[in-house]
file start.tsv (TSV, C-alpha atoms)
chain	number	residue	atom	x	y	z
X	59	MET	CA	16.93	10.86	-8.90
X	60	ARG	CA	19.81	10.87	-6.48
X	61	ILE	CA	20.58	7.58	-4.73
X	62	GLY	CA	21.64	7.37	-1.12
X	63	VAL	CA	21.93	4.82	1.64
X	64	MET	CA	21.01	4.76	5.32
X	65	VAL	CA	23.96	4.44	7.66
X	66	GLY	CA	23.47	4.34	11.38
X	67	PRO	CA	23.18	2.47	14.61
X	68	GLU	CA	22.22	-1.17	14.40
X	69	GLN	CA	22.11	-3.97	16.92
X	70	GLY	CA	25.44	-5.01	18.34
X	71	ASP	CA	28.22	-4.17	20.77
X	72	THR	CA	28.28	-0.42	21.49
X	73	SER	CA	32.08	-0.33	21.39
X	74	ARG	CA	32.05	-1.55	17.77
X	75	LYS	CA	29.26	0.61	16.39
X	76	VAL	CA	31.32	3.72	15.71
X	77	ASP	CA	33.90	1.83	13.66
X	78	ARG	CA	31.14	0.08	11.70
X	79	MET	CA	29.36	3.35	10.90
X	80	LEU	CA	32.60	4.96	9.76
X	81	LYS	CA	33.42	2.04	7.50
X	82	ASP	CA	29.91	2.14	6.03
X	83	VAL	CA	30.09	5.85	5.22
X	84	GLU	CA	33.55	5.40	3.70
X	85	TRP	CA	32.10	2.70	1.45
X	86	ALA	CA	29.12	4.88	0.47
X	87	GLU	CA	31.35	7.74	-0.64
X	88	ALA	CA	33.81	5.46	-2.45
X	89	ALA	CA	30.92	3.68	-4.20
X	90	GLY	CA	29.75	6.99	-5.66
X	91	PHE	CA	26.46	7.45	-3.83
X	92	ASP	CA	25.03	10.95	-3.63
X	93	THR	CA	23.82	10.91	-0.06
X	94	VAL	CA	23.95	9.16	3.30
X	95	TRP	CA	21.02	9.36	5.72
X	96	VAL	CA	21.49	8.76	9.44
X	97	PRO	CA	18.36	7.79	11.38
X	98	GLN	CA	17.83	9.23	14.86
X	99	ILE	CA	16.80	6.06	16.64
X	100	PRO	CA	15.36	6.84	20.09
X	101	THR	CA	17.30	4.04	21.75
X	102	ASP	CA	20.69	4.65	20.18
X	103	PHE	CA	23.44	7.09	19.18
X	104	ASP	CA	22.88	10.78	18.56
X	105	ALA	CA	22.62	11.25	14.78
X	106	LEU	CA	24.34	14.64	14.54
X	107	THR	CA	27.24	13.47	16.69
X	108	ALA	CA	27.61	10.43	14.45
X	109	ILE	CA	27.56	12.66	11.36
X	110	ALA	CA	30.24	14.92	12.82
X	111	LEU	CA	32.43	11.83	13.18
X	112	MET	CA	31.63	10.85	9.59
X	113	SER	CA	33.09	14.15	8.44
X	114	THR	CA	36.53	12.78	9.31
X	115	ARG	CA	36.18	9.96	6.75
X	116	THR	CA	34.43	11.74	3.85
X	117	SER	CA	34.99	14.76	1.62
X	118	ARG	CA	32.21	14.81	-0.97
X	119	ILE	CA	29.00	13.06	0.00
X	120	GLU	CA	26.00	14.88	1.49
X	121	ILE	CA	25.00	13.49	4.88
X	122	GLY	CA	21.60	14.09	6.43
X	123	THR	CA	19.59	13.32	9.53
X	124	ALA	CA	16.45	11.26	9.00
X	125	VAL	CA	15.17	12.65	11.27
X	126	VAL	CA	15.86	14.60	14.47
X	127	PRO	CA	12.74	14.68	16.70
X	128	LEU	CA	11.97	18.32	17.45
X	129	GLN	CA	10.51	17.92	20.92
X	130	ALA	CA	13.71	16.46	22.37
X	131	GLN	CA	15.67	19.74	22.40
X	132	HIS	CA	15.22	23.50	22.40
X	133	PRO	CA	15.46	24.92	18.86
X	134	VAL	CA	18.46	27.12	19.72
X	135	HIS	CA	20.31	24.02	20.88
X	136	LEU	CA	19.47	22.29	17.60
X	137	VAL	CA	20.57	25.35	15.60
X	138	ARG	CA	23.91	25.36	17.41
X	139	GLN	CA	24.43	21.62	17.03
X	140	ALA	CA	23.43	21.62	13.34
X	141	LEU	CA	25.70	24.56	12.49
X	142	SER	CA	28.60	22.88	14.29
X	143	THR	CA	28.05	19.64	12.38
X	144	HIS	CA	27.59	21.53	9.10
X	145	ALA	CA	30.93	23.25	9.63
X	146	ALA	CA	32.63	19.93	10.42
X	147	LEU	CA	31.28	18.60	7.10
X	148	ASN	CA	32.41	21.76	5.29
X	149	GLY	CA	28.82	22.49	4.28
X	150	ARG	CA	27.50	19.00	3.47
X	151	LEU	CA	24.77	18.59	6.10
X	152	ALA	CA	21.10	18.20	5.23
X	153	LEU	CA	19.10	18.78	8.41
X	154	GLY	CA	16.09	16.49	8.51
X	155	VAL	CA	13.66	17.14	11.36
X	156	GLY	CA	10.17	16.09	12.35
X	157	PRO	CA	7.55	16.04	15.12
X	158	SER	CA	8.13	12.30	15.67
X	159	HIS	CA	5.37	10.07	17.11
X	160	HIS	CA	3.35	9.90	20.31
X	161	TRP	CA	5.02	6.67	21.40
X	162	ILE	CA	8.41	8.41	21.40
X	163	VAL	CA	7.53	11.90	22.59
X	164	GLN	CA	4.79	11.07	25.06
X	165	ASP	CA	5.43	7.49	26.12
X	166	MET	CA	9.25	7.52	26.15
X	167	LEU	CA	10.15	11.15	26.88
X	168	GLY	CA	7.12	12.07	28.97
X	169	LEU	CA	6.49	15.23	26.94
X	170	PRO	CA	3.18	16.47	25.56
X	171	TYR	CA	2.31	15.44	22.01
X	172	GLU	CA	-0.35	18.03	21.29
X	173	LYS	CA	-0.79	19.86	17.98
X	174	PRO	CA	2.48	18.54	16.52
X	175	ALA	CA	1.99	20.44	13.25
X	176	LYS	CA	1.65	23.78	15.03
X	177	PHE	CA	4.64	22.95	17.21
X	178	THR	CA	6.64	22.17	14.07
X	179	ARG	CA	5.66	25.45	12.40
X	180	ASP	CA	6.69	27.43	15.50
X	181	TYR	CA	9.94	25.48	15.79
X	182	ILE	CA	10.79	26.17	12.14
X	183	ASP	CA	10.44	29.89	12.86
X	184	VAL	CA	13.57	29.51	14.97
X	185	LEU	CA	15.39	27.16	12.60
X	186	GLY	CA	14.72	29.55	9.75
X	187	ALA	CA	16.98	32.10	11.40
X	188	ILE	CA	20.00	29.94	10.51
X	189	LYS	CA	20.37	31.61	7.13
X	190	ASP	CA	20.79	35.04	8.78
X	191	LEU	CA	23.48	34.01	11.25
X	192	PRO	CA	25.89	35.04	12.68
X	193	GLY	CA	23.74	37.54	14.44
X	194	SER	CA	20.76	37.16	16.72
X	195	ILE	CA	17.85	34.74	16.67
X	196	ASP	CA	14.81	36.83	17.56
X	197	VAL	CA	11.56	34.90	17.42
X	198	GLU	CA	8.35	35.27	19.37
X	199	ASN	CA	5.42	33.01	18.64
X	200	ASP	CA	2.89	30.95	20.57
X	201	THR	CA	5.51	28.37	21.58
X	202	PHE	CA	8.89	30.11	21.75
X	203	THR	CA	10.22	33.46	22.90
X	204	VAL	CA	13.82	33.56	21.76
X	205	HIS	CA	16.36	36.39	21.77
X	206	ASN	CA	19.66	34.60	21.46
X	207	PRO	CA	22.84	35.92	19.81
X	208	LEU	CA	25.07	33.41	18.04
X	209	ASP	CA	28.54	34.07	16.67
X	210	ILE	CA	28.44	31.14	14.25
X	211	GLY	CA	26.74	30.90	10.89
X	212	PRO	CA	26.32	28.38	8.07
X	213	VAL	CA	29.49	27.74	6.04
X	214	ALA	CA	27.20	27.02	3.07
X	215	PRO	CA	23.42	26.86	2.54
X	216	MET	CA	22.02	24.02	4.66
X	217	PRO	CA	18.91	22.23	3.35
X	218	LEU	CA	16.09	21.87	5.86
X	219	LEU	CA	13.87	18.85	5.29
X	220	VAL	CA	10.75	18.10	7.31
X	221	ALA	CA	9.21	14.67	7.85
X	222	ALA	CA	5.70	15.27	6.53
X	223	LEU	CA	3.05	12.60	6.08
X	224	GLY	CA	-0.32	14.32	6.29
X	225	PRO	CA	-1.79	17.31	4.39
X	226	VAL	CA	-1.06	19.92	7.08
X	227	MET	CA	2.55	18.86	7.56
X	228	LEU	CA	3.08	18.68	3.79
X	229	LYS	CA	1.84	22.24	3.49
X	230	ILE	CA	4.28	23.35	6.19
X	231	ALA	CA	7.15	21.49	4.53
X	232	GLY	CA	6.36	23.02	1.15
X	233	GLU	CA	6.00	26.54	2.48
X	234	ARG	CA	8.81	26.60	5.01
X	235	ALA	CA	11.41	23.96	4.13
X	236	ASP	CA	13.38	22.54	1.22
X	237	GLY	CA	11.52	19.26	1.06
X	238	THR	CA	10.40	16.23	3.01
X	239	ILE	CA	11.80	12.92	4.25
X	240	LEU	CA	9.48	9.92	4.03
X	241	TRP	CA	9.17	6.47	5.51
X	242	MET	CA	6.30	4.05	4.95
X	243	ALA	CA	5.33	5.77	1.69
X	244	ASP	CA	4.96	3.63	-1.42
X	245	GLU	CA	4.93	4.85	-5.02
X	246	ARG	CA	1.21	5.55	-5.12
X	247	ALA	CA	1.20	7.47	-1.83
X	248	ILE	CA	4.12	9.55	-3.06
X	249	GLY	CA	2.77	10.21	-6.54
X	250	GLU	CA	-0.85	10.92	-5.63
X	251	HIS	CA	-0.66	12.24	-2.06
X	252	ILE	CA	2.80	13.58	-1.19
X	253	VAL	CA	4.12	15.21	-4.37
X	254	PRO	CA	1.01	17.18	-5.41
X	255	ARG	CA	0.47	18.68	-1.95
X	256	ILE	CA	4.02	19.67	-1.11
X	257	THR	CA	4.75	20.94	-4.63
X	258	LYS	CA	1.60	23.09	-4.63
X	259	ALA	CA	2.49	24.55	-1.24
X	260	ALA	CA	6.03	25.34	-2.36
X	261	ALA	CA	4.83	26.99	-5.57
X	262	GLU	CA	2.28	29.14	-3.76
X	263	ALA	CA	5.01	30.25	-1.35
X	264	GLY	CA	7.33	31.13	-4.22
X	265	ARG	CA	9.80	28.40	-3.32
X	266	PRO	CA	11.63	25.97	-5.66
X	267	ASP	CA	10.32	22.47	-6.27
X	268	PRO	CA	10.90	20.54	-3.04
X	269	ARG	CA	13.13	17.55	-2.51
X	270	ILE	CA	11.25	14.31	-1.90
X	271	VAL	CA	13.46	11.89	0.05
X	272	ALA	CA	11.95	8.41	0.24
X	273	GLY	CA	13.30	5.77	2.61
X	274	VAL	CA	12.85	2.28	1.19
X	275	PRO	CA	14.19	-1.15	2.25
X	276	VAL	CA	16.18	-2.88	-0.51
X	277	CYS	CA	17.25	-6.53	-0.65
X	278	LEU	CA	19.04	-8.42	-3.41
X	279	CYS	CA	17.77	-11.98	-3.37
X	280	ALA	CA	17.29	-14.97	-5.62
X	281	PRO	CA	13.97	-15.91	-7.21
X	282	GLY	CA	11.82	-17.54	-4.57
X	283	GLU	CA	13.37	-15.58	-1.69
X	284	GLU	CA	11.23	-12.47	-2.09
X	285	ASP	CA	8.74	-13.54	0.57
X	286	THR	CA	11.59	-14.19	3.01
X	287	ALA	CA	12.91	-10.68	2.44
X	288	ARG	CA	9.49	-9.09	2.89
X	289	GLU	CA	8.86	-11.10	6.06
X	290	ARG	CA	12.19	-9.92	7.49
X	291	ALA	CA	11.33	-6.31	6.65
X	292	ASN	CA	8.07	-6.65	8.55
X	293	ARG	CA	9.81	-8.30	11.48
X	294	ILE	CA	12.55	-5.70	12.03
X	295	LEU	CA	11.12	-2.52	10.51
X	296	ALA	CA	7.37	-2.62	11.12
X	297	GLU	CA	6.51	0.51	13.10
X	298	ALA	CA	3.08	1.09	11.56
X	299	GLU	CA	1.35	-1.10	14.12
X	300	ILE	CA	1.96	1.48	16.86
X	301	SER	CA	2.17	4.66	14.78
X	302	PRO	CA	-1.15	6.16	13.66
X	303	ASN	CA	0.79	8.61	11.47
X	304	TYR	CA	2.15	5.72	9.44
X	305	GLN	CA	-1.18	3.92	9.40
X	306	ARG	CA	-2.82	6.96	7.79
X	307	LEU	CA	-0.02	7.18	5.25
X	308	LEU	CA	-0.40	3.51	4.33
X	309	GLU	CA	-4.04	4.23	3.53
X	310	GLN	CA	-2.88	6.60	0.80
X	311	GLY	CA	-0.99	3.86	-1.03
X	312	GLU	CA	-1.32	0.27	-2.13
X	313	ALA	CA	1.13	-1.42	0.23
X	314	LYS	CA	-0.28	-2.68	3.52
X	315	ASP	CA	3.05	-2.88	5.35
X	316	ILE	CA	6.75	-2.11	4.98
X	317	GLY	CA	7.41	-5.55	3.52
X	318	GLN	CA	5.09	-4.94	0.60
X	319	MET	CA	6.76	-1.65	-0.30
X	320	ALA	CA	10.30	-3.02	-0.01
X	321	ILE	CA	12.29	-3.35	-3.24
X	322	VAL	CA	13.34	-7.00	-3.34
X	323	GLY	CA	14.52	-9.45	-5.98
X	324	ASP	CA	17.30	-9.70	-8.54
X	325	GLU	CA	19.11	-6.84	-10.28
X	326	LYS	CA	16.33	-6.32	-12.80
X	327	ALA	CA	13.65	-6.15	-10.10
X	328	ILE	CA	15.66	-3.67	-8.02
X	329	LEU	CA	16.29	-1.38	-10.99
X	330	ALA	CA	12.58	-1.49	-11.87
X	331	GLY	CA	11.76	-0.56	-8.27
X	332	PHE	CA	14.14	2.40	-8.39
X	333	ARG	CA	12.48	3.62	-11.56
X	334	ARG	CA	8.98	3.35	-10.07
X	335	TYR	CA	9.95	5.62	-7.20
X	336	ARG	CA	11.66	8.04	-9.57
X	337	ASP	CA	8.59	8.16	-11.80
X	338	ALA	CA	6.40	8.83	-8.75
X	339	GLY	CA	8.33	12.05	-8.13
X	340	VAL	CA	11.05	10.98	-5.69
X	341	THR	CA	14.14	13.18	-6.00
X	342	ASP	CA	16.27	11.27	-3.47
X	343	LEU	CA	16.02	7.56	-2.71
X	344	SER	CA	17.36	6.54	0.69
X	345	MET	CA	18.00	2.79	0.73
X	346	ARG	CA	17.76	0.80	3.92
X	347	LEU	CA	19.82	-2.27	3.00
X	348	LEU	CA	17.99	-5.38	4.13
X	349	PRO	CA	20.14	-8.52	4.33
X	350	ILE	CA	18.63	-11.97	4.70
X	351	GLY	CA	20.10	-15.18	6.07
X	352	ASN	CA	19.91	-17.80	8.78
X	353	ASN	CA	23.04	-16.75	10.67
X	354	ARG	CA	25.48	-13.87	11.00
X	355	ASP	CA	27.75	-15.02	8.18
X	356	GLU	CA	24.84	-15.31	5.77
X	357	LEU	CA	23.49	-11.89	6.78
X	358	VAL	CA	26.89	-10.26	6.25
X	359	ALA	CA	27.32	-11.95	2.87
X	360	SER	CA	23.81	-10.82	1.83
X	361	LYS	CA	24.58	-7.22	2.87
X	362	TYR	CA	27.74	-7.09	0.80
X	363	ARG	CA	26.10	-8.65	-2.27
X	364	THR	CA	23.30	-6.10	-2.09
X	365	ARG	CA	25.78	-3.24	-1.66
X	366	GLU	CA	27.75	-4.20	-4.74
X	367	VAL	CA	24.68	-4.49	-6.93
X	368	VAL	CA	22.90	-1.30	-5.83
X	369	ALA	CA	26.09	0.74	-6.30
X	370	GLU	CA	26.19	-0.33	-9.95
X	371	LEU	CA	22.46	0.12	-10.51
X	372	ALA	CA	22.56	3.63	-9.08
X	373	LYS	CA	24.84	4.69	-11.92
X	374	GLU	CA	22.09	3.91	-14.44
X	375	LEU	CA	19.78	6.51	-12.87
X	376	ARG	CA	22.22	9.40	-12.99

call {"tool": "encode", "arguments": {"input": "start.tsv", "output": "structure tokens"}}
result
Amino acid sequence: MRIGVMVGPEQGDTSRKVDRMLKDVEWAEAAGFDTVWVPQIPTDFDALTAIALMSTRTSRIEIGTAVVPLQAQHPVHLVRQALSTHAALNGRLALGVGPSHHWIVQDMLGLPYEKPAKFTRDYIDVLGAIKDLPGSIDVENDTFTVHNPLDIGPVAPMPLLVAALGPVMLKIAGERADGTILWMADERAIGEHIVPRITKAAAEAGRPDPRIVAGVPVCLCAPGEEDTARERANRILAEAEISPNYQRLLEQGEAKDIGQMAIVGDEKAILAGFRRYRDAGVTDLSMRLLPIGNNRDELVASKYRTREVVAELAKELR
């Protein structure tokens, strides 16, 4: 299992965010992590632009979007932006996309959120043309009619990962993409719901075993602080209350909320948590570092302690 870390916009002064992201990605590469995953938060920076900037501070690490909402841009625009970012990274981009949620697409953007799986399948028809570029994207389906020449192509194969939570989306991801990116999926949901469906779909389509990228909060804490860490996870990361997609995914597992599925505790507990996700079939773990504390200084100190420990523990899983 490859170990990666989420790096991306967080609360704070906009003028300082870029510098903080660049320092975080520099640390991730220097610490030996395999991947960095940049969330596309609807209220914050553009993920692909941030990743292009990260190319100036890294040379080895794979950097992926987790994930770009498809409805927010035309697929040709996303192809062009992804290929540009991929070139800036010298072929290290993993493009993670997904149909997002009704509260983003419909409530925030004012766009229809109807038949998101079908929309995703039609969108991937266009994204799939990336491998044949430079040339012309020629796609006609129920959603898109595209005849667009492009003089740029991928500098290296670019993995396409699709956020897939339900059976239909998992089938699409297995058949049409290189894997899936998950959030709100515990070990049971992954092992019994996600992996069997997406792997079967990939096999039937003659594709390799898919990548399973699982996003999980991680907090190093002392005995007796586990509840504090889980409560903080629920306070700052709990999206399931307004996302039916996540609610249905939670029903497939044992955890009732993001706090329960977080990996919290001392070094031994964190390593055991890593191994549970690996044994469930996760190929890539994307850690969302979760500091705890009563003030800024304590939160910063908690973040750095967690970073040091997880960097060492990751070596044991290689």

call {"tool": "residues_near_point", "arguments": {"input": "start.tsv", "point": "(1.7, 18.1, -1.5)", "cutoff": "10 Å", "atoms": "all atoms listed in the file", "output": "ChimeraX atom specification"}}
result
/X:222-232,238,248-260,268

call {"tool": "closest_residue", "arguments": {"input": "start.tsv", "among": "X:Glu84, X:Glu68, X:Asp200, X:Asp77", "to": "Phe177 in chain X", "atoms": "all atoms listed in the file"}}
result
X:Asp200

call {"tool": "closest_residue", "arguments": {"input": "start.tsv", "among": "X:Gln129, X:Gln98, X:Gln164, X:Thr364", "to": "Asp324 in chain X", "atoms": "all atoms listed in the file"}}
result
X:Thr364

call {"tool": "closest_atom_pairs", "arguments": {"input": "start.tsv", "of": "range 178-205 of chain X", "to": "range 134-147 of chain X", "cutoff": "10 Å", "atoms": "only C-alpha atoms", "output": "JSON lines"}}
result
{"residue": "X:Tyr181", "atom": "CA", "partner": "X:Val134", "partner_atom": "CA", "distance": 9.5}
{"residue": "X:Val184", "atom": "CA", "partner": "X:Val134", "partner_atom": "CA", "distance": 7.2}
{"residue": "X:Leu185", "atom": "CA", "partner": "X:Val137", "partner_atom": "CA", "distance": 6.3}
{"residue": "X:Gly186", "atom": "CA", "partner": "X:Val137", "partner_atom": "CA", "distance": 9.3}
{"residue": "X:Ala187", "atom": "CA", "partner": "X:Val137", "partner_atom": "CA", "distance": 8.7}
{"residue": "X:Ile188", "atom": "CA", "partner": "X:Val137", "partner_atom": "CA", "distance": 6.9}
{"residue": "X:Leu191", "atom": "CA", "partner": "X:Leu141", "partner_atom": "CA", "distance": 9.8}
{"residue": "X:Ile195", "atom": "CA", "partner": "X:Val134", "partner_atom": "CA", "distance": 8.2}
{"residue": "X:Val204", "atom": "CA", "partner": "X:Val134", "partner_atom": "CA", "distance": 8.2}
{"residue": "X:His205", "atom": "CA", "partner": "X:Val134", "partner_atom": "CA", "distance": 9.7}

call {"tool": "residues_around", "arguments": {"input": "start.tsv", "residues": "range 316-321 of chain X", "least_positions_apart": "4", "cutoff": "12 Å", "atoms": "all atoms listed in the file", "output": "VMD selection string"}}
result
chain X and resid 241 to 248 272 to 279 284 to 299 304 to 305 307 to 308 311 to 312 325 to 335 343 to 348 364 368

call {"tool": "closest_residue", "arguments": {"input": "start.tsv", "among": "X:Gln131, X:Thr101, X:Ser73, X:Ser158", "to": "Asn303 in chain X", "atoms": "all atoms listed in the file"}}
result
X:Ser158

call {"tool": "closest_residue", "arguments": {"input": "start.tsv", "among": "X:Gly264, X:Gly323, X:Pro100, X:Gly168", "to": "Pro281 in chain X", "atoms": "all atoms listed in the file"}}
result
X:Gly323

call {"tool": "residues_around", "arguments": {"input": "start.tsv", "residues": "Val83 in chain X", "least_positions_apart": "4", "cutoff": "12 Å", "atoms": "only C-alpha atoms", "output": "mmCIF file with C-alpha atoms, in the frame of the given file"}}
result
data_model
loop_
_atom_site.group_PDB
_atom_site.id
_atom_site.type_symbol
_atom_site.label_atom_id
_atom_site.label_comp_id
_atom_site.auth_asym_id
_atom_site.auth_seq_id
_atom_site.Cartn_x
_atom_site.Cartn_y
_atom_site.Cartn_z
ATOM 1 C CA GLY X 62 21.640 7.370 -1.120
ATOM 2 C CA VAL X 63 21.930 4.820 1.640
ATOM 3 C CA MET X 64 21.010 4.760 5.320
ATOM 4 C CA VAL X 65 23.960 4.440 7.660
ATOM 5 C CA GLY X 66 23.470 4.340 11.380
ATOM 6 C CA VAL X 76 31.320 3.720 15.710
ATOM 7 C CA ASP X 77 33.900 1.830 13.660
ATOM 8 C CA ARG X 78 31.140 0.080 11.700
ATOM 9 C CA MET X 79 29.360 3.350 10.900
ATOM 10 C CA GLU X 87 31.350 7.740 -0.640
ATOM 11 C CA ALA X 88 33.810 5.460 -2.450
ATOM 12 C CA ALA X 89 30.920 3.680 -4.200
ATOM 13 C CA GLY X 90 29.750 6.990 -5.660
ATOM 14 C CA PHE X 91 26.460 7.450 -3.830
ATOM 15 C CA ASP X 92 25.030 10.950 -3.630
ATOM 16 C CA THR X 93 23.820 10.910 -0.060
ATOM 17 C CA VAL X 94 23.950 9.160 3.300
ATOM 18 C CA TRP X 95 21.020 9.360 5.720
ATOM 19 C CA VAL X 96 21.490 8.760 9.440
ATOM 20 C CA ALA X 108 27.610 10.430 14.450
ATOM 21 C CA ILE X 109 27.560 12.660 11.360
ATOM 22 C CA ALA X 110 30.240 14.920 12.820
ATOM 23 C CA LEU X 111 32.430 11.830 13.180
ATOM 24 C CA MET X 112 31.630 10.850 9.590
ATOM 25 C CA SER X 113 33.090 14.150 8.440
ATOM 26 C CA THR X 114 36.530 12.780 9.310
ATOM 27 C CA ARG X 115 36.180 9.960 6.750
ATOM 28 C CA THR X 116 34.430 11.740 3.850
ATOM 29 C CA SER X 117 34.990 14.760 1.620
ATOM 30 C CA ARG X 118 32.210 14.810 -0.970
ATOM 31 C CA ILE X 119 29.000 13.060 0.000
ATOM 32 C CA GLU X 120 26.000 14.880 1.490
ATOM 33 C CA ILE X 121 25.000 13.490 4.880
ATOM 34 C CA GLY X 122 21.600 14.090 6.430
#

call {"tool": "atom_distance", "arguments": {"input": "start.tsv", "atom1": "CA of Ala86 in chain X", "atom2": "CA of Ala235 in chain X"}}
result
26.3 Å

call {"tool": "residues_around", "arguments": {"input": "start.tsv", "residues": "Thr341 in chain X", "least_positions_apart": "6", "cutoff": "8 Å", "atoms": "only C-alpha atoms", "output": "tab-separated table (two decimals) with C-alpha atoms, keeping the file's coordinate frame"}}
result
chain	number	residue	atom	x	y	z
X	59	MET	CA	16.93	10.86	-8.90
X	60	ARG	CA	19.81	10.87	-6.48
X	269	ARG	CA	13.13	17.55	-2.51
X	270	ILE	CA	11.25	14.31	-1.90
X	271	VAL	CA	13.46	11.89	0.05

call {"tool": "residues_around", "arguments": {"input": "start.tsv", "residues": "Asp190 in chain X", "least_positions_apart": "4", "cutoff": "12 Å", "atoms": "all atoms listed in the file", "output": "PyMOL selection string"}}
result
chain X and resi 137+184-186+194-196+207-216

call {"tool": "atom_distance", "arguments": {"input": "start.tsv", "atom1": "CA of Thr107 in chain X", "atom2": "CA of Thr123 in chain X"}}
result
10.5 Å

call {"tool": "atom_distance", "arguments": {"input": "start.tsv", "atom1": "CA of Lys373 in chain X", "atom2": "CA of Ala221 in chain X"}}
result
27.1 Å
